[in-house]
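One structure is given here, and the rest of the page talks about it.
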Amino acid sequence: MTLAEAVLLLVAGLGAGTVNAIAGGGSLLTFPAMLAIGMPPVAANVSNALAVAPGYGASVLGSRADLIGQGRRILRVIPTALLGALGGCLLLLNTPRRVFDLVVPFLVIGAALTLAGQTRLRALVGHPQQVSPRRATIMLHTAVFLCALYGGYFNAALGVLLVAGLALVLDETLARVSALKNLLSALIGVVTIAVYSIFGPVNWAAVAVIAPATIVGGYLGARVARRLPAAALRAVIVAFGLTVGTVLLVRAL
């Protein structure tokens, strides 16, 4: 790896950590950077998943104040998130990727539109305060599992999907939803590290450059997200989601 390539990865990692903490979609910075230095697509995807995972942990630290009072909920969804992430990793390692690549952009765009139209959708599916505890629990675990499955497989814009899914089924402020998103993203990252470091074609040099940068960016991004008004935070996440989805769609076609 040349010095110029290392600098490119470092800058991409810093930006990815910041973007992931605020909205999600940071992999659109690191994944192309890895391809640009000559890494094969599968190796780049696996290495990217490992490289951005530490940044999620830093995001949790930056948003920890908004996790207060969510302890019981977190303990309930941890097994669901871990199981979904493991399933996504196994899908990546054992199935053709072309079909999923075509589906991913629509998932991301759909998640962004879901968040944008959250109020109207809640009128259709029921506000979290109006549904039964049993139904609310099922909706929460379904949202977490599907997002974790996606995160274990592809990861790009995971934050957008998580915020959209959680905001639809939880009666919480967007800042607290974002903090929970950071924690779940970190858990999914732990699974990807465990699986891909053993079974995946990881480029450890690239990971070593990007990972520390995502930690710095993740912490800073989480602090910024906490200070944004709810409407502004929602607008940023929706904008990132639509942008990421459009870029992924163009790549897939």
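Chains: A, B, ... in order of the structure tokens. Residues: from 1 per chain. Ligands: from 1, in order shown.
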
Which stretch 59-156 of chain A residues have any atom within 12 Å of an atom of stretch 33-43 of chain A, and for each, what is the nearest pair of atoms with distance in Å to one decimal, counting only C-alpha atoms, rows sorted by chain and number, as a Markdown table?
```
| residue | atom | partner | partner_atom | distance |
| --- | --- | --- | --- | --- |
| A:Leu92 | CA | A:Val42 | CA | 9.1 |
| A:Leu93 | CA | A:Val42 | CA | 9.3 |
| A:Asn94 | CA | A:Val42 | CA | 12.0 |
| A:Pro96 | CA | A:Val42 | CA | 11.1 |
| A:Arg97 | CA | A:Val42 | CA | 9.5 |
| A:Arg98 | CA | A:Val42 | CA | 11.9 |
| A:Tyr153 | CA | A:Val42 | CA | 11.3 |
| A:Phe154 | CA | A:Val42 | CA | 10.5 |
```

| message | Show me, as a list in words, the residues that have an atom within 10 Å of A:Ile68 when counting only C-alpha atoms, minus same-chain residues fewer than 5 positions from it. | response | Ser63, Arg176 and Ala179 of chain A

| query | Which residue out of A:Ile215, A:Thr243, A:Ala231, A:Leu162 has the minimum interatomic distance to A:Gly62 when only C-alpha atoms are used? | reply |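 Distance minimum relative to A:Gly62 lands on A:Ile215.
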
| Contacts of stretch 46-58 of chain A at 9 Å or less, counting only C-alpha atoms, minus same-chain residues fewer than 4 places along, as a ChimeraX atom specification? | /A:13,16-18,20-21,26-27,30-31,34,41-42,62-63,151-152,154-156,182-190,192-194,196-197,200-204,206-220,222

| When distances are computed from only C-alpha atoms, which of A:Ala252, A:Leu149, A:Val238, A:His141 shows the smallest separation from A:Ile78? |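 Nearest to A:Ile78: A:His141.
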
| request: Have a look at A:Ala164, A:Ile74, A:Val236, A:Ala6 and name the one nearest to A:Gly117; count only C-alpha atoms. | output: A:Ala164
